[in-house]
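A.B. asks: Just one file: run_2.cif, with mmCIF, C-alpha atoms and all ligand atoms.
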```cif
data_entry
#
loop_
_atom_site.label_atom_id
_atom_site.label_comp_id
_atom_site.auth_asym_id
_atom_site.auth_seq_id
_atom_site.Cartn_x
_atom_site.Cartn_y
_atom_site.Cartn_z
CA MET A 758 -54.34 10.36 -49.89
CA ASP A 759 -56.57 8.46 -52.32
CA PHE A 760 -57.09 4.72 -51.88
CA ALA A 761 -59.62 4.40 -54.71
CA PRO A 762 -58.29 2.59 -57.78
CA THR A 763 -58.37 4.60 -61.01
CA ASP A 764 -60.70 3.53 -63.83
CA ILE A 765 -57.69 2.08 -65.66
CA GLN A 766 -56.54 0.11 -62.60
CA THR A 767 -60.07 -1.29 -62.18
CA MET A 768 -60.19 -2.25 -65.85
CA VAL A 769 -56.75 -3.90 -65.64
CA ARG A 770 -57.76 -5.89 -62.54
CA ASP A 771 -61.01 -7.06 -64.17
CA THR A 772 -59.23 -8.07 -67.39
CA ALA A 773 -56.37 -9.84 -65.60
CA ARG A 774 -58.78 -11.65 -63.24
CA LYS A 775 -60.97 -12.86 -66.12
CA PHE A 776 -57.94 -13.99 -68.12
CA ALA A 777 -56.39 -15.75 -65.10
CA ARG A 778 -59.60 -17.59 -64.23
CA GLU A 779 -60.69 -18.50 -67.76
CA GLU A 780 -57.43 -19.01 -69.66
CA VAL A 781 -54.84 -19.95 -67.00
CA GLY A 782 -56.98 -21.65 -64.34
CA PRO A 783 -57.93 -24.70 -66.42
CA TYR A 784 -54.22 -25.51 -66.96
CA ALA A 785 -52.66 -24.45 -63.63
CA ALA A 786 -52.76 -27.82 -61.83
CA GLU A 787 -51.59 -29.75 -64.89
CA MET A 788 -48.73 -27.31 -65.62
CA ASP A 789 -47.63 -27.73 -61.99
CA LYS A 790 -47.77 -31.54 -62.24
CA GLN A 791 -45.93 -31.68 -65.55
CA ALA A 792 -43.50 -28.90 -64.50
CA LYS A 793 -44.07 -27.41 -67.93
CA PHE A 794 -45.31 -23.96 -68.88
CA ARG A 795 -47.87 -23.57 -71.64
CA MET A 796 -46.02 -21.13 -73.90
CA GLU A 797 -49.24 -20.18 -75.72
CA LEU A 798 -50.10 -18.22 -72.57
CA VAL A 799 -47.12 -15.90 -73.16
CA GLN A 800 -48.46 -15.11 -76.62
CA GLN A 801 -51.98 -14.53 -75.25
CA MET A 802 -50.65 -12.33 -72.45
CA GLY A 803 -48.58 -10.42 -74.99
CA GLU A 804 -51.74 -9.67 -76.96
CA LEU A 805 -53.39 -8.33 -73.78
CA GLY A 806 -50.35 -6.14 -72.99
CA PHE A 807 -49.43 -8.15 -69.86
CA MET A 808 -45.84 -8.85 -70.99
CA GLY A 809 -45.00 -5.15 -71.00
CA VAL A 810 -47.67 -3.47 -68.86
CA ALA A 811 -45.52 -0.58 -67.61
CA PHE A 812 -43.57 0.22 -70.78
CA PRO A 813 -44.50 2.89 -73.33
CA GLU A 814 -46.58 1.95 -76.36
CA GLU A 815 -43.74 3.07 -78.68
CA TYR A 816 -41.87 -0.07 -77.49
CA ALA A 817 -45.02 -2.23 -77.82
CA GLY A 818 -45.71 -1.93 -74.10
CA GLY A 819 -49.07 -1.45 -72.43
CA GLY A 820 -48.42 2.24 -71.71
CA MET A 821 -49.62 1.85 -68.13
CA ASP A 822 -47.90 2.17 -64.76
CA TYR A 823 -46.17 -0.06 -62.23
CA GLN A 824 -49.29 -0.14 -60.04
CA CYS A 825 -51.15 -1.76 -62.96
CA TYR A 826 -48.23 -4.15 -63.45
CA ALA A 827 -48.44 -5.21 -59.77
CA ILE A 828 -52.20 -5.74 -60.18
CA VAL A 829 -51.62 -8.03 -63.21
CA VAL A 830 -48.97 -10.11 -61.38
CA GLU A 831 -51.24 -10.38 -58.32
CA GLU A 832 -54.27 -11.54 -60.32
CA LEU A 833 -52.28 -14.09 -62.33
CA SER A 834 -50.65 -15.43 -59.14
CA ALA A 835 -54.02 -15.78 -57.41
CA VAL A 836 -54.68 -18.57 -59.92
CA CYS A 837 -51.17 -19.74 -60.92
CA ALA A 838 -48.00 -18.44 -59.24
CA SER A 839 -45.85 -19.88 -62.05
CA THR A 840 -47.61 -17.64 -64.55
CA GLY A 841 -47.13 -14.73 -62.14
CA VAL A 842 -43.37 -15.20 -61.99
CA VAL A 843 -42.99 -15.79 -65.74
CA VAL A 844 -44.46 -12.29 -66.21
CA SER A 845 -42.69 -10.75 -63.23
CA ALA A 846 -39.15 -11.98 -64.01
CA HIS A 847 -39.59 -11.11 -67.69
CA SER A 848 -40.90 -7.58 -67.02
CA SER A 849 -39.03 -6.49 -63.90
CA LEU A 850 -35.75 -8.28 -64.37
CA CYS A 851 -35.19 -8.07 -68.13
CA CYS A 852 -37.41 -5.40 -69.75
CA ASP A 853 -37.03 -2.89 -66.91
CA PRO A 854 -33.18 -2.65 -66.89
CA ILE A 855 -33.15 -2.41 -70.70
CA TYR A 856 -35.77 0.35 -70.54
CA LYS A 857 -34.05 2.19 -67.69
CA PHE A 858 -30.38 1.82 -68.64
CA GLY A 859 -30.45 0.96 -72.35
CA THR A 860 -29.50 3.22 -75.24
CA GLU A 861 -32.29 4.18 -77.65
CA ALA A 862 -30.88 1.65 -80.13
CA GLN A 863 -30.97 -1.15 -77.50
CA LYS A 864 -34.54 -0.28 -76.54
CA GLN A 865 -35.64 -0.25 -80.20
CA LYS A 866 -33.90 -3.55 -80.82
CA PHE A 867 -35.07 -5.59 -77.82
CA LEU A 868 -38.13 -4.05 -76.14
CA PRO A 869 -40.78 -4.46 -78.88
CA ASP A 870 -40.21 -8.23 -79.08
CA LEU A 871 -40.10 -8.52 -75.28
CA ALA A 872 -43.02 -6.25 -74.40
CA SER A 873 -45.27 -7.88 -76.99
CA GLY A 874 -44.51 -11.39 -75.70
CA ARG A 875 -42.85 -12.52 -78.95
CA MET A 876 -39.72 -13.18 -76.87
CA LEU A 877 -39.23 -14.01 -73.19
CA GLY A 878 -36.52 -12.39 -71.06
CA CYS A 879 -34.50 -13.28 -67.97
CA LEU A 880 -31.86 -11.89 -65.60
CA GLY A 881 -28.65 -13.77 -64.85
CA LEU A 882 -27.17 -12.55 -61.58
CA THR A 883 -26.92 -15.57 -59.25
CA GLU A 884 -23.91 -17.90 -59.38
CA THR A 885 -22.89 -20.86 -57.23
CA SER A 886 -20.80 -18.57 -55.00
CA ALA A 887 -22.82 -15.37 -55.56
CA GLY A 888 -26.28 -15.67 -53.99
CA SER A 889 -27.10 -13.16 -51.25
CA ASP A 890 -23.52 -11.96 -51.76
CA ALA A 891 -24.29 -10.93 -55.35
CA GLY A 892 -21.08 -8.93 -55.65
CA ASN A 893 -18.96 -12.09 -55.57
CA GLN A 894 -19.25 -12.69 -59.31
CA LYS A 895 -16.98 -15.17 -61.11
CA THR A 896 -18.44 -14.87 -64.63
CA THR A 897 -16.13 -12.67 -66.68
CA ALA A 898 -16.58 -10.50 -69.77
CA VAL A 899 -13.52 -9.44 -71.76
CA ALA A 900 -13.49 -7.00 -74.66
CA ASP A 901 -12.13 -8.51 -77.88
CA GLY A 902 -12.23 -6.20 -80.90
CA ASP A 903 -15.84 -5.30 -81.56
CA GLN A 904 -17.13 -8.06 -79.28
CA TRP A 905 -17.41 -9.04 -75.60
CA VAL A 906 -16.48 -12.61 -74.67
CA LEU A 907 -18.31 -14.05 -71.65
CA ASN A 908 -17.18 -17.07 -69.64
CA GLY A 909 -18.84 -18.56 -66.57
CA SER A 910 -22.26 -19.73 -65.46
CA LYS A 911 -25.45 -18.51 -63.79
CA ILE A 912 -27.73 -20.69 -61.68
CA PHE A 913 -31.45 -20.66 -60.80
CA ILE A 914 -32.43 -18.38 -63.69
CA THR A 915 -36.19 -17.87 -63.99
CA ASN A 916 -37.33 -18.14 -67.65
CA GLY A 917 -33.75 -19.35 -68.35
CA GLY A 918 -34.88 -22.23 -70.58
CA PRO A 919 -37.23 -20.45 -73.00
CA ALA A 920 -35.73 -16.94 -72.80
CA GLY A 921 -34.67 -15.35 -76.09
CA VAL A 922 -32.54 -12.78 -74.31
CA GLY A 923 -31.00 -12.24 -70.88
CA VAL A 924 -29.55 -9.34 -68.96
CA ILE A 925 -26.36 -10.96 -67.71
CA ILE A 926 -24.08 -9.56 -65.00
CA ALA A 927 -20.35 -10.28 -65.33
CA MET A 928 -16.99 -9.06 -64.03
CA THR A 929 -15.11 -6.76 -66.39
CA ASP A 930 -12.53 -5.63 -63.81
CA LYS A 931 -11.86 -8.09 -60.97
CA SER A 932 -9.55 -5.67 -59.16
CA ALA A 933 -12.43 -3.19 -58.66
CA GLY A 934 -14.64 -5.62 -56.68
CA HIS A 935 -18.36 -4.97 -57.16
CA ARG A 936 -17.49 -1.74 -59.00
CA GLY A 937 -15.90 -3.97 -61.64
CA MET A 938 -19.21 -5.64 -62.54
CA SER A 939 -20.98 -4.78 -65.81
CA ALA A 940 -24.33 -5.68 -67.37
CA PHE A 941 -24.83 -7.14 -70.85
CA ILE A 942 -27.77 -7.91 -73.10
CA VAL A 943 -27.12 -11.47 -74.23
CA PRO A 944 -29.34 -13.10 -76.91
CA SER A 945 -29.79 -16.84 -76.35
CA ASP A 946 -28.64 -17.57 -79.92
CA ALA A 947 -25.23 -16.00 -79.26
CA PRO A 948 -22.43 -18.51 -79.93
CA GLY A 949 -21.28 -20.16 -76.68
CA TYR A 950 -24.62 -19.62 -74.84
CA LYS A 951 -26.00 -22.85 -73.39
CA VAL A 952 -28.95 -23.82 -71.22
CA ALA A 953 -27.19 -26.44 -69.10
CA LYS A 954 -29.88 -27.72 -66.78
CA GLU A 955 -33.50 -27.26 -65.68
CA GLU A 956 -34.12 -27.52 -61.92
CA HIS A 957 -36.87 -29.62 -60.29
CA LYS A 958 -38.61 -27.55 -57.65
CA LEU A 959 -40.94 -27.60 -54.63
CA GLY A 960 -43.21 -24.89 -56.05
CA ILE A 961 -43.70 -22.58 -59.04
CA ARG A 962 -42.96 -25.82 -60.83
CA ALA A 963 -44.25 -24.75 -64.24
CA SER A 964 -41.81 -21.85 -64.48
CA SER A 965 -38.39 -22.59 -65.92
CA THR A 966 -35.45 -22.33 -63.48
CA ALA A 967 -32.29 -23.03 -65.44
CA GLU A 968 -28.53 -22.96 -65.30
CA LEU A 969 -26.98 -20.88 -68.08
CA VAL A 970 -23.40 -21.50 -69.21
CA PHE A 971 -21.28 -19.04 -71.18
CA ASP A 972 -18.42 -20.76 -72.96
CA ASP A 973 -16.50 -18.12 -74.92
CA CYS A 974 -19.91 -16.60 -75.55
CA ARG A 975 -19.52 -13.76 -78.04
CA ILE A 976 -21.85 -10.75 -78.20
CA PRO A 977 -21.49 -7.44 -80.05
CA ARG A 978 -19.66 -4.66 -78.23
CA GLU A 979 -22.83 -2.52 -78.32
CA ASN A 980 -24.65 -5.05 -76.07
CA LEU A 981 -23.04 -3.57 -72.95
CA LEU A 982 -25.93 -2.21 -70.85
CA GLY A 983 -25.05 1.08 -69.13
CA LYS A 984 -21.38 1.86 -68.62
CA PRO A 985 -18.56 -0.54 -67.71
CA GLY A 986 -18.57 -0.94 -63.92
CA GLU A 987 -22.31 -0.16 -63.55
CA GLY A 988 -23.41 -3.80 -63.33
CA PHE A 989 -23.88 -3.89 -59.56
CA LYS A 990 -25.80 -0.61 -59.57
CA ILE A 991 -28.02 -1.90 -62.42
CA ALA A 992 -28.61 -5.21 -60.58
CA LEU A 993 -29.61 -3.47 -57.33
CA ALA A 994 -31.89 -0.96 -59.09
CA THR A 995 -33.48 -3.85 -61.02
CA LEU A 996 -34.11 -5.80 -57.82
CA ASP A 997 -35.76 -2.76 -56.18
CA GLY A 998 -38.43 -2.93 -58.89
CA GLY A 999 -38.42 -6.73 -59.09
CA ARG A 1000 -39.26 -7.07 -55.40
CA ILE A 1001 -42.53 -5.23 -56.01
CA GLY A 1002 -43.41 -7.92 -58.58
CA ILE A 1003 -42.56 -10.75 -56.16
CA ALA A 1004 -44.47 -9.03 -53.35
CA ALA A 1005 -47.46 -8.79 -55.72
CA GLN A 1006 -47.01 -12.49 -56.53
CA ALA A 1007 -47.10 -13.26 -52.77
CA VAL A 1008 -50.29 -11.20 -52.32
CA GLY A 1009 -51.86 -13.08 -55.22
CA ILE A 1010 -50.94 -16.50 -53.80
CA ALA A 1011 -52.36 -15.51 -50.40
CA GLN A 1012 -55.55 -14.16 -51.99
CA GLY A 1013 -55.96 -17.33 -54.04
CA ALA A 1014 -55.69 -19.37 -50.82
CA LEU A 1015 -58.22 -17.12 -49.01
CA THR A 1016 -60.72 -17.27 -51.86
CA ALA A 1017 -60.53 -21.07 -51.92
CA ALA A 1018 -60.72 -21.36 -48.11
CA THR A 1019 -63.73 -19.01 -47.89
CA ALA A 1020 -65.68 -20.97 -50.49
CA TYR A 1021 -64.85 -24.25 -48.75
CA ALA A 1022 -65.82 -22.86 -45.31
CA LYS A 1023 -69.30 -22.13 -46.69
CA GLU A 1024 -69.85 -25.54 -48.26
CA ARG A 1025 -68.18 -28.01 -45.85
CA VAL A 1026 -70.57 -29.31 -43.19
CA GLN A 1027 -69.45 -30.88 -39.90
CA PHE A 1028 -71.47 -31.31 -36.70
CA GLY A 1029 -74.52 -30.39 -38.79
CA LYS A 1030 -73.25 -26.88 -39.63
CA SER A 1031 -71.03 -25.27 -42.21
CA ILE A 1032 -67.49 -25.03 -40.80
CA GLY A 1033 -67.66 -21.28 -41.60
CA SER A 1034 -70.10 -20.95 -38.68
CA PHE A 1035 -67.35 -21.96 -36.22
CA GLN A 1036 -65.49 -19.04 -34.71
CA ALA A 1037 -62.14 -20.85 -35.04
CA ILE A 1038 -62.56 -20.88 -38.84
CA GLN A 1039 -63.98 -17.32 -38.98
CA TRP A 1040 -60.95 -15.94 -37.14
CA LYS A 1041 -58.56 -17.63 -39.56
CA LEU A 1042 -60.38 -16.07 -42.52
CA ALA A 1043 -60.53 -12.65 -40.82
CA ASP A 1044 -56.78 -12.68 -40.04
CA MET A 1045 -55.95 -13.77 -43.58
CA ALA A 1046 -58.12 -11.05 -45.15
CA THR A 1047 -56.67 -8.32 -42.92
CA GLU A 1048 -53.05 -9.30 -43.50
CA ILE A 1049 -53.56 -9.66 -47.26
CA ASP A 1050 -55.06 -6.17 -47.42
CA ALA A 1051 -52.10 -4.74 -45.48
CA ALA A 1052 -49.64 -6.51 -47.80
CA ARG A 1053 -51.51 -5.25 -50.88
CA LEU A 1054 -51.31 -1.68 -49.59
CA LEU A 1055 -47.54 -2.00 -49.07
CA VAL A 1056 -47.17 -3.34 -52.62
CA GLN A 1057 -49.24 -0.54 -54.10
CA ARG A 1058 -47.34 2.10 -52.09
CA ALA A 1059 -43.98 0.81 -53.37
CA ALA A 1060 -45.32 0.71 -56.95
CA TRP A 1061 -46.75 4.22 -56.54
CA LEU A 1062 -43.33 5.50 -55.38
CA LYS A 1063 -41.70 3.93 -58.44
CA ASP A 1064 -44.35 5.49 -60.70
CA ALA A 1065 -43.86 8.87 -59.02
CA GLY A 1066 -40.20 8.76 -60.02
CA VAL A 1067 -39.02 8.85 -56.40
CA LYS A 1068 -35.30 8.12 -56.55
CA SER A 1069 -35.12 5.72 -53.66
CA TYR A 1070 -38.00 3.32 -53.04
CA GLY A 1071 -35.84 0.27 -52.24
CA THR A 1072 -36.73 0.28 -48.55
CA GLN A 1073 -40.45 0.34 -49.32
CA SER A 1074 -40.17 -2.43 -51.91
CA ALA A 1075 -38.12 -4.53 -49.44
CA MET A 1076 -40.83 -3.96 -46.78
CA ALA A 1077 -43.53 -4.99 -49.25
CA LYS A 1078 -41.70 -8.19 -50.19
CA LEU A 1079 -40.74 -9.07 -46.61
CA PHE A 1080 -44.30 -8.61 -45.31
CA ALA A 1081 -46.18 -10.05 -48.30
CA SER A 1082 -44.07 -13.21 -48.45
CA ASP A 1083 -44.70 -13.81 -44.73
CA VAL A 1084 -48.43 -13.24 -45.28
CA ALA A 1085 -48.38 -15.71 -48.19
CA MET A 1086 -46.77 -18.38 -46.00
CA LYS A 1087 -49.28 -17.86 -43.17
CA ALA A 1088 -52.35 -17.59 -45.40
CA THR A 1089 -51.54 -20.74 -47.38
CA ARG A 1090 -50.82 -22.70 -44.19
CA GLU A 1091 -54.13 -21.59 -42.65
CA ALA A 1092 -56.00 -22.31 -45.89
CA ILE A 1093 -54.84 -25.93 -45.72
CA GLN A 1094 -56.04 -26.04 -42.11
CA VAL A 1095 -59.49 -24.78 -43.17
CA PHE A 1096 -59.65 -27.56 -45.77
CA GLY A 1097 -58.49 -30.21 -43.28
CA GLY A 1098 -57.44 -33.42 -45.05
CA TYR A 1099 -58.72 -32.19 -48.39
CA GLY A 1100 -56.20 -29.34 -48.17
CA TYR A 1101 -53.36 -31.80 -48.15
CA ILE A 1102 -54.26 -33.55 -51.38
CA ASP A 1103 -54.12 -32.17 -54.89
CA GLU A 1104 -57.87 -32.22 -55.51
CA TYR A 1105 -57.91 -28.58 -54.33
CA PRO A 1106 -55.37 -25.86 -55.20
CA VAL A 1107 -54.33 -24.91 -51.66
CA GLU A 1108 -51.49 -27.45 -51.40
CA ARG A 1109 -50.05 -25.91 -54.61
CA PHE A 1110 -50.42 -22.39 -53.18
CA TYR A 1111 -48.60 -23.57 -50.01
CA ARG A 1112 -45.68 -24.96 -52.06
CA ASP A 1113 -45.63 -21.86 -54.30
CA ALA A 1114 -45.59 -19.40 -51.39
CA LYS A 1115 -42.19 -20.48 -50.05
CA ILE A 1116 -40.12 -19.13 -52.94
CA THR A 1117 -41.35 -15.58 -52.28
CA GLU A 1118 -39.23 -15.63 -49.10
CA ILE A 1119 -36.14 -16.62 -51.09
CA TYR A 1120 -35.75 -15.16 -54.58
CA GLU A 1121 -34.84 -11.58 -55.43
CA GLY A 1122 -33.26 -11.44 -51.98
CA THR A 1123 -34.18 -13.67 -49.04
CA SER A 1124 -36.27 -12.28 -46.16
CA GLU A 1125 -33.04 -11.89 -44.19
CA VAL A 1126 -31.62 -9.76 -47.02
CA GLN A 1127 -34.80 -7.62 -47.08
CA LYS A 1128 -34.31 -6.99 -43.34
CA MET A 1129 -30.70 -5.98 -44.05
CA VAL A 1130 -31.93 -3.47 -46.66
CA ILE A 1131 -34.58 -2.05 -44.32
CA ALA A 1132 -32.24 -1.88 -41.30
CA ARG A 1133 -29.52 -0.20 -43.38
CA SER A 1134 -31.93 2.61 -44.27
CA LEU A 1135 -32.82 3.06 -40.58
CA LEU A 1136 -29.22 3.19 -39.43
CA ARG A 1137 -27.87 5.38 -42.25
CA ASP A 1138 -26.20 8.62 -41.00
C1 LIG A 1201 -36.82 -20.80 -58.12
C2 LIG A 1201 -35.72 -19.77 -58.10
C3 LIG A 1201 -35.71 -18.78 -59.08
C4 LIG A 1201 -34.68 -17.84 -59.10
N1 LIG A 1201 -34.63 -16.90 -60.12
C5 LIG A 1201 -33.50 -16.15 -60.27
C6 LIG A 1201 -33.30 -15.34 -61.43
O1 LIG A 1201 -34.18 -15.24 -62.30
N2 LIG A 1201 -32.14 -14.67 -61.58
C7 LIG A 1201 -31.14 -14.75 -60.64
O2 LIG A 1201 -30.10 -14.13 -60.85
N3 LIG A 1201 -31.32 -15.48 -59.50
C8 LIG A 1201 -32.45 -16.20 -59.31
N4 LIG A 1201 -32.62 -16.98 -58.18
C9 LIG A 1201 -31.60 -16.96 -57.16
C10 LIG A 1201 -32.08 -16.34 -55.83
O3 LIG A 1201 -32.23 -14.95 -55.96
C11 LIG A 1201 -31.11 -16.76 -54.73
O4 LIG A 1201 -31.31 -18.15 -54.51
C12 LIG A 1201 -31.29 -15.98 -53.46
O5 LIG A 1201 -30.89 -14.64 -53.65
C13 LIG A 1201 -30.49 -16.57 -52.29
O6 LIG A 1201 -29.19 -16.90 -52.65
P1 LIG A 1201 -28.62 -18.36 -52.30
O7 LIG A 1201 -29.61 -19.34 -52.81
O8 LIG A 1201 -27.23 -18.47 -52.77
O9 LIG A 1201 -28.65 -18.43 -50.71
P2 LIG A 1201 -27.48 -17.95 -49.73
O10 LIG A 1201 -27.05 -16.57 -50.07
O11 LIG A 1201 -26.45 -19.01 -49.66
O12 LIG A 1201 -28.27 -17.90 -48.35
C14 LIG A 1201 -28.48 -19.05 -47.53
C15 LIG A 1201 -29.11 -18.56 -46.22
O13 LIG A 1201 -28.20 -17.67 -45.53
C16 LIG A 1201 -28.84 -16.42 -45.29
N5 LIG A 1201 -27.85 -15.35 -45.40
C17 LIG A 1201 -26.94 -15.13 -46.40
N6 LIG A 1201 -26.22 -14.04 -46.14
C18 LIG A 1201 -26.69 -13.51 -44.98
C19 LIG A 1201 -26.37 -12.38 -44.17
N7 LIG A 1201 -25.41 -11.52 -44.53
N8 LIG A 1201 -27.06 -12.16 -43.03
C20 LIG A 1201 -28.05 -13.03 -42.66
N9 LIG A 1201 -28.40 -14.13 -43.36
C21 LIG A 1201 -27.74 -14.36 -44.51
C22 LIG A 1201 -29.92 -16.32 -46.37
O14 LIG A 1201 -30.93 -15.41 -46.00
C23 LIG A 1201 -30.40 -17.76 -46.45
O15 LIG A 1201 -31.30 -18.00 -45.39
C24 LIG A 1201 -33.68 -17.88 -58.11
C25 LIG A 1201 -33.72 -18.88 -57.11
C26 LIG A 1201 -34.71 -19.81 -57.11
C27 LIG A 1201 -34.69 -20.90 -56.06
#
```
Using structure tokens, write down the structure that the file contains.

C.D. replies:
Amino acid sequence: MDFAPTDIQTMVRDTARKFAREEVGPYAAEMDKQAKFRMELVQQMGELGFMGVAFPEEYAGGGMDYQCYAIVVEELSAVCASTGVVVSAHSSLCCDPIYKFGTEAQKQKFLPDLASGRMLGCLGLTETSAGSDAGNQKTTAVADGDQWVLNGSKIFITNGGPAGVGVIIAMTDKSAGHRGMSAFIVPSDAPGYKVAKEEHKLGIRASSTAELVFDDCRIPRENLLGKPGEGFKIALATLDGGRIGIAAQAVGIAQGALTAATAYAKERVQFGKSIGSFQAIQWKLADMATEIDAARLLVQRAAWLKDAGVKSYGTQSAMAKLFASDVAMKATREAIQVFGGYGYIDEYPVERFYRDAKITEIYEGTSEVQKMVIARSLLRD
């Protein structure tokens, strides 16, 4: 067992950290306040290979592995969790299913624009009546000549507003239940595709969370991803990978909170001493650091399993997300406590980290759903 990062992983962490601090950091608070993402960052991250870290260079990807991808999402999230999820949803939820299940023609057509950051991607799975129960889809897709016609809507779609393309899950055979779901690659300029609404959120406020409506939305027949009836399988496989990205986001948020709290503990003086000299504060920092390290190891193990081509790593990615999201909640709460009153106001970033942490317990499967996934693997057979 080797815990030492490779030279490439060290280089990726250094590059992502520098970019996050120098190029994202100056805008993070303002993007959060305005609830608006600075799209220039997507272009800059595309140039650095961050929009397609784990995809081969022949598709304009970074040619690296999923461990490097998790490192990039963590480092971005340590400064701005919105930037972390823009990259994570784009890479894990849109690029990854096209790379894994797409035909060569689909990969050639969509991946170079996506992986280079020229175009942003999203995944449309959730509907008003299909949240944790993702199999309860109402959006339909019907074959009509050489086209598919989609009708229905998707809610809470990350990157939904600016996305140029989405992987959209829809029912092609209602009578077959979740085996009647199929996946489609839907360009946002397809006729009948509408961005209906942008949500206002507690955290990750700069990332777009939109409702997408398909009103007789027509796409070419060849935009079916995988085979008819494989939509549920594709969605679950996609979420197995996606959860590693969200777990990495949670580790990043927690680390960002710890870094800020540690610096503040050194400089804030009360009772004539720095508050970092009080054992109560030291123990908070020690617990945060230990739990963040444990979460990071779970994230890297799940990413390593995916890189190793292990068929089933869903339990390990669920464990990583479950644990890391809990760590993010605790670390950000304790960071505010270390800051006292200053933690509660927006002069420092910890109140933003606290608001951002909550979503990691909800999207790509709530913590309760992660426990269902883990328990199912324990009780199988
Ligand atoms: C900011 C944001 C971004 C998102 N991005 C995307 C995206 O890009 N693409 C996409 O498709 N979706 C996205 N989602 C949707 C997200 O994945 C869902 O909100 C999430 O899966 C939970 O579904 P729900 O909101 O319908 O909650 P519900 O399923 O209604 O759950 C409500 C509560 O009941 C619990 N619960 C439900 N079923 C069970 C059960 N069987 N056992 C125990 N407890 C249960 C849940 O854990 C939760 O606590 C996003 C959501 C948000 C808020």

A.B. asks: Expressed in Å to a single decimal, how great is the separation between atom C13 of ligand LIG 1201 (chain A) and atom CA of A:Lys1115?

C.D. replies: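 Between atom C13 of ligand LIG 1201 (chain A) and atom CA of A:Lys1115 the gap is 12.5 Å.
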
A.B. asks: For ligand LIG 1201 (chain A), which of A:Ile926, A:Ala1007, A:Ala1043, A:Val1067 is the closest residue, counting only C-alpha atoms and all ligand atoms?

C.D. replies: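 Selected residue with least distance to ligand LIG 1201 (chain A): A:Ile926.
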
A.B. asks: Let me have all residues with an atom within 9 Å of ligand LIG 1201 (chain A), counting all atoms listed in the file, laid out as an mmCIF file with C-alpha atoms, in the frame of the given file.

C.D. replies:
```cif
data_model
loop_
_atom_site.group_PDB
_atom_site.id
_atom_site.type_symbol
_atom_site.label_atom_id
_atom_site.label_comp_id
_atom_site.auth_asym_id
_atom_site.auth_seq_id
_atom_site.Cartn_x
_atom_site.Cartn_y
_atom_site.Cartn_z
ATOM 1 C CA VAL A 842 -43.370 -15.200 -61.990
ATOM 2 C CA ALA A 846 -39.150 -11.980 -64.010
ATOM 3 C CA HIS A 847 -39.590 -11.110 -67.690
ATOM 4 C CA LEU A 850 -35.750 -8.280 -64.370
ATOM 5 C CA CYS A 879 -34.500 -13.280 -67.970
ATOM 6 C CA LEU A 880 -31.860 -11.890 -65.600
ATOM 7 C CA GLY A 881 -28.650 -13.770 -64.850
ATOM 8 C CA LEU A 882 -27.170 -12.550 -61.580
ATOM 9 C CA THR A 883 -26.920 -15.570 -59.250
ATOM 10 C CA GLU A 884 -23.910 -17.900 -59.380
ATOM 11 C CA THR A 885 -22.890 -20.860 -57.230
ATOM 12 C CA SER A 886 -20.800 -18.570 -55.000
ATOM 13 C CA ALA A 887 -22.820 -15.370 -55.560
ATOM 14 C CA GLY A 888 -26.280 -15.670 -53.990
ATOM 15 C CA SER A 889 -27.100 -13.160 -51.250
ATOM 16 C CA ASP A 890 -23.520 -11.960 -51.760
ATOM 17 C CA ALA A 891 -24.290 -10.930 -55.350
ATOM 18 C CA LYS A 911 -25.450 -18.510 -63.790
ATOM 19 C CA ILE A 912 -27.730 -20.690 -61.680
ATOM 20 C CA PHE A 913 -31.450 -20.660 -60.800
ATOM 21 C CA ILE A 914 -32.430 -18.380 -63.690
ATOM 22 C CA THR A 915 -36.190 -17.870 -63.990
ATOM 23 C CA ASN A 916 -37.330 -18.140 -67.650
ATOM 24 C CA GLY A 917 -33.750 -19.350 -68.350
ATOM 25 C CA ILE A 925 -26.360 -10.960 -67.710
ATOM 26 C CA ILE A 926 -24.080 -9.560 -65.000
ATOM 27 C CA GLU A 956 -34.120 -27.520 -61.920
ATOM 28 C CA LYS A 958 -38.610 -27.550 -57.650
ATOM 29 C CA LEU A 959 -40.940 -27.600 -54.630
ATOM 30 C CA GLY A 960 -43.210 -24.890 -56.050
ATOM 31 C CA ILE A 961 -43.700 -22.580 -59.040
ATOM 32 C CA ARG A 962 -42.960 -25.820 -60.830
ATOM 33 C CA SER A 964 -41.810 -21.850 -64.480
ATOM 34 C CA SER A 965 -38.390 -22.590 -65.920
ATOM 35 C CA THR A 966 -35.450 -22.330 -63.480
ATOM 36 C CA ALA A 967 -32.290 -23.030 -65.440
ATOM 37 C CA ILE A 1116 -40.120 -19.130 -52.940
ATOM 38 C CA GLU A 1118 -39.230 -15.630 -49.100
ATOM 39 C CA ILE A 1119 -36.140 -16.620 -51.090
ATOM 40 C CA TYR A 1120 -35.750 -15.160 -54.580
ATOM 41 C CA GLU A 1121 -34.840 -11.580 -55.430
ATOM 42 C CA GLY A 1122 -33.260 -11.440 -51.980
ATOM 43 C CA THR A 1123 -34.180 -13.670 -49.040
ATOM 44 C CA SER A 1124 -36.270 -12.280 -46.160
ATOM 45 C CA GLU A 1125 -33.040 -11.890 -44.190
ATOM 46 C CA VAL A 1126 -31.620 -9.760 -47.020
ATOM 47 C CA GLN A 1127 -34.800 -7.620 -47.080
ATOM 48 C CA LYS A 1128 -34.310 -6.990 -43.340
ATOM 49 C CA MET A 1129 -30.700 -5.980 -44.050
#
```

A.B. asks: Which is closer to A:Ile1049 than all the others in A:Ala785, A:Leu1062, A:Ala1085, A:Val943, using only C-alpha atoms?

C.D. replies: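 Smallest separation from A:Ile1049 among the options: A:Ala1085.
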